[in-house]
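Here is the structure we will look at, set down as structure tokens.
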Amino acid sequence: MIRFMGYLFYTLFVGILVYWGVKYGQYLKIQADRTFNGHSVYAYISCYPIVIGMLLAVPGLISRIQQEGKWIIDWQMLLPIGLPTLVFNISLLLNNSFLYKFDWYRLIFSDTRVYDISGIVCGYVLLSSLKRVTLTKEKGIAAG
């Protein structure tokens with residue numbers, strides 16, 4: 001029952017943060033329309049989904065915190081998934097004119113859902129790549 005209540009409160013917490021985040025994003029878009037300055041909207045579009053992805057990985061991180069062992073980084077997951085998705089989301093902030101030359105980037109840039117998906121994957125992978133391994137006493141071999 002405690003576990004059930006924990007997940008229920010976690011779900012409510014994430015739901016409230018998503019609601020506040022969407023409201024804040026709408027506020028930023030209104031401000032950008034008024035001031036003709038879209039930098040804050042681009043920062044929001046780049047970073048907010050990463051935070052949501054990290055929030056989704058929190059239950060797994062909590063269970064790993066409760067385990068015994070040494071912390072490691074799962075580079076085999078972080079480098080091929082986390083790094084490209086992070087670079088992709090951050091590329092929106094860089095405003096690199098080189099990327100606008102490519103049709104595929106202009107197409108992706110026209111719809112922010114791609115940044116949402118990429119950012120959620122990035123945030124989830126960033127926290128999920130933190131692992132705990134235990135050393136077996138007899139052989140000194142890592143078991144994860």
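Just remember, in the structure tokens the first chain shown is A, the second B, etc., residues are 1-based per chain, and ligands are 1-based in the order shown.
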
Tell me which protein, DNA and RNA residues are within 7 Å of Ser118 (chain A), counting only C-alpha atoms, leaving out same-chain ones fewer than 3 positions away, and put them as number ranges by chain. A: 85, 89, 114-115, 121-122

Keeping only all heavy atoms, write the selected residues as a short mmCIF file (atom, residue, chain, number, x, y, z; two decimals), in the first residue's frame.
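Writing done, so here's result20.cif:
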```cif
data_model
loop_
_atom_site.label_atom_id
_atom_site.label_comp_id
_atom_site.auth_asym_id
_atom_site.auth_seq_id
_atom_site.Cartn_x
_atom_site.Cartn_y
_atom_site.Cartn_z
N THR A 85 20.74 13.08 -28.60
CA THR A 85 19.48 13.76 -28.29
C THR A 85 19.75 15.07 -27.55
O THR A 85 19.05 16.06 -27.78
CB THR A 85 18.55 12.86 -27.46
OG1 THR A 85 19.22 12.41 -26.28
CG2 THR A 85 18.07 11.67 -28.27
N ASN A 89 18.70 18.77 -29.05
CA ASN A 89 17.87 19.74 -28.33
C ASN A 89 18.61 21.06 -28.12
O ASN A 89 18.03 22.12 -28.25
CB ASN A 89 17.40 19.18 -26.99
CG ASN A 89 16.09 18.47 -27.14
OD1 ASN A 89 15.93 17.62 -28.01
ND2 ASN A 89 15.14 18.82 -26.31
N VAL A 114 9.12 17.17 -32.19
CA VAL A 114 10.37 16.42 -32.33
C VAL A 114 11.31 16.76 -31.17
O VAL A 114 11.96 15.88 -30.61
CB VAL A 114 11.03 16.74 -33.69
CG1 VAL A 114 12.36 16.05 -33.82
CG2 VAL A 114 10.12 16.35 -34.82
N TYR A 115 11.36 18.03 -30.79
CA TYR A 115 12.19 18.42 -29.64
C TYR A 115 11.62 17.86 -28.34
O TYR A 115 12.39 17.50 -27.45
CB TYR A 115 12.29 19.95 -29.55
CG TYR A 115 13.10 20.53 -30.65
CD1 TYR A 115 12.50 21.10 -31.76
CD2 TYR A 115 14.49 20.49 -30.61
CE1 TYR A 115 13.24 21.62 -32.79
CE2 TYR A 115 15.25 21.02 -31.64
CZ TYR A 115 14.62 21.58 -32.72
OH TYR A 115 15.37 22.09 -33.74
N VAL A 121 13.45 11.67 -24.18
CA VAL A 121 14.39 10.54 -24.27
C VAL A 121 15.73 10.91 -23.64
O VAL A 121 16.31 10.13 -22.88
CB VAL A 121 14.57 10.09 -25.75
CG1 VAL A 121 15.72 9.12 -25.89
CG2 VAL A 121 13.28 9.49 -26.27
N CYS A 122 16.22 12.10 -23.92
CA CYS A 122 17.50 12.56 -23.38
C CYS A 122 17.47 12.59 -21.86
O CYS A 122 18.37 12.06 -21.21
CB CYS A 122 17.83 13.93 -23.94
SG CYS A 122 19.34 14.63 -23.27
#
```

Exercise: Gly25 (chain A) partners within 9 Å, only C-alpha atoms, chain neighbours under 2 positions left out, as a ChimeraX atom specification:
/A:20-23,27-30,41,44-45,48

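Here the question is which of A:Tyr7, A:Gly82, A:Val133, A:Gly123 gets nearest to Pro59 (chain A) using only C-alpha atoms, and that residue is A:Tyr7.
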
_Which residue is closest to Thr134 (chain A)? Choose from A:Ile2, A:Ile72, A:Ile62, A:Val14 and count only C-alpha atoms._
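Using only C-alpha atoms, Thr134 (chain A) sits closest to A:Ile72.
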
Apply DSSP to the backbone of this structure and, from region 46-115 of chain A, keep only the residues in strand (DSSP E or B); write these as a list in words.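 Selection result, strand (DSSP E or B) within region 46-115 of chain A: Lys70, Trp71, Ile72 and Ile73 of chain A.
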
ask   = Counting only C-alpha atoms, which of A:Leu78, A:Phe88, A:Leu94, A:Ala43 gets nearest to Ile108 (chain A)?
value =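 Between A:Leu78, A:Phe88, A:Leu94, A:Ala43, the residue approaching Ile108 (chain A) most closely is A:Phe88.
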
- Can you tell me, as a ChimeraX atom specification, what residues are no more than 7 Å from Pro49 (chain A) when counting only C-alpha atoms, ignoring any on the same chain fewer than 4 positions away? /A:53,116,119-120

Given the selection you just returned, output its residues as a file containing C-alpha atoms, formatted as a PDB file, in the first residue's frame.
```
ATOM      1  CA  GLY A  53      12.328  12.957 -19.096  1.00  0.00           C
ATOM      2  CA  ASP A 116       9.701  17.183 -27.048  1.00  0.00           C
ATOM      3  CA  GLY A 119      14.247  15.879 -24.902  1.00  0.00           C
ATOM      4  CA  ILE A 120      12.180  13.342 -22.977  1.00  0.00           C
TER       5      ILE A 120
END
```

Inset, instruction - Write out as a ChimeraX atom specification all residues of chain A that backbone DSSP assigns to alpha helix (DSSP H). - result: /A:2-35,39-56,58-65,75-77,83-94,103-109,113-128

query: Can you tell me how far CA of Ile90 (chain A) sits from CA of Arg113 (chain A), in Å to one decimal?
result: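 We find that CA of Ile90 (chain A) and CA of Arg113 (chain A) lie 14.7 Å from each other.
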
Q. So how many Å separate CA of Ser129 (chain A) and CA of Val51 (chain A), to one decimal?
A.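 Going from CA of Ser129 (chain A) over to CA of Val51 (chain A), I get 15.3 Å.
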
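When only C-alpha atoms are used to compute distances to Ile117 (chain A), the closest of the residues A:Ile16, A:Met5, A:Ile52, A:Ala32 turns out to be A:Ile52.
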
When you look at Leu130 (chain A) with a cut-off of 8 Å (counting only C-alpha atoms), what residues show up, excluding the ones that are within fewer than 3 positions of it in the same chain? I need them as an NGL selection string.
:A and (61 or 71-74 or 126-127)

Next item on the list: Return the single residue from A:Val18, A:Met77, A:Leu86, A:Leu92 that is closest to Ser128 (chain A), with distances computed using only C-alpha atoms.
Entry: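 Smallest distance to Ser128 (chain A) is found for A:Met77.
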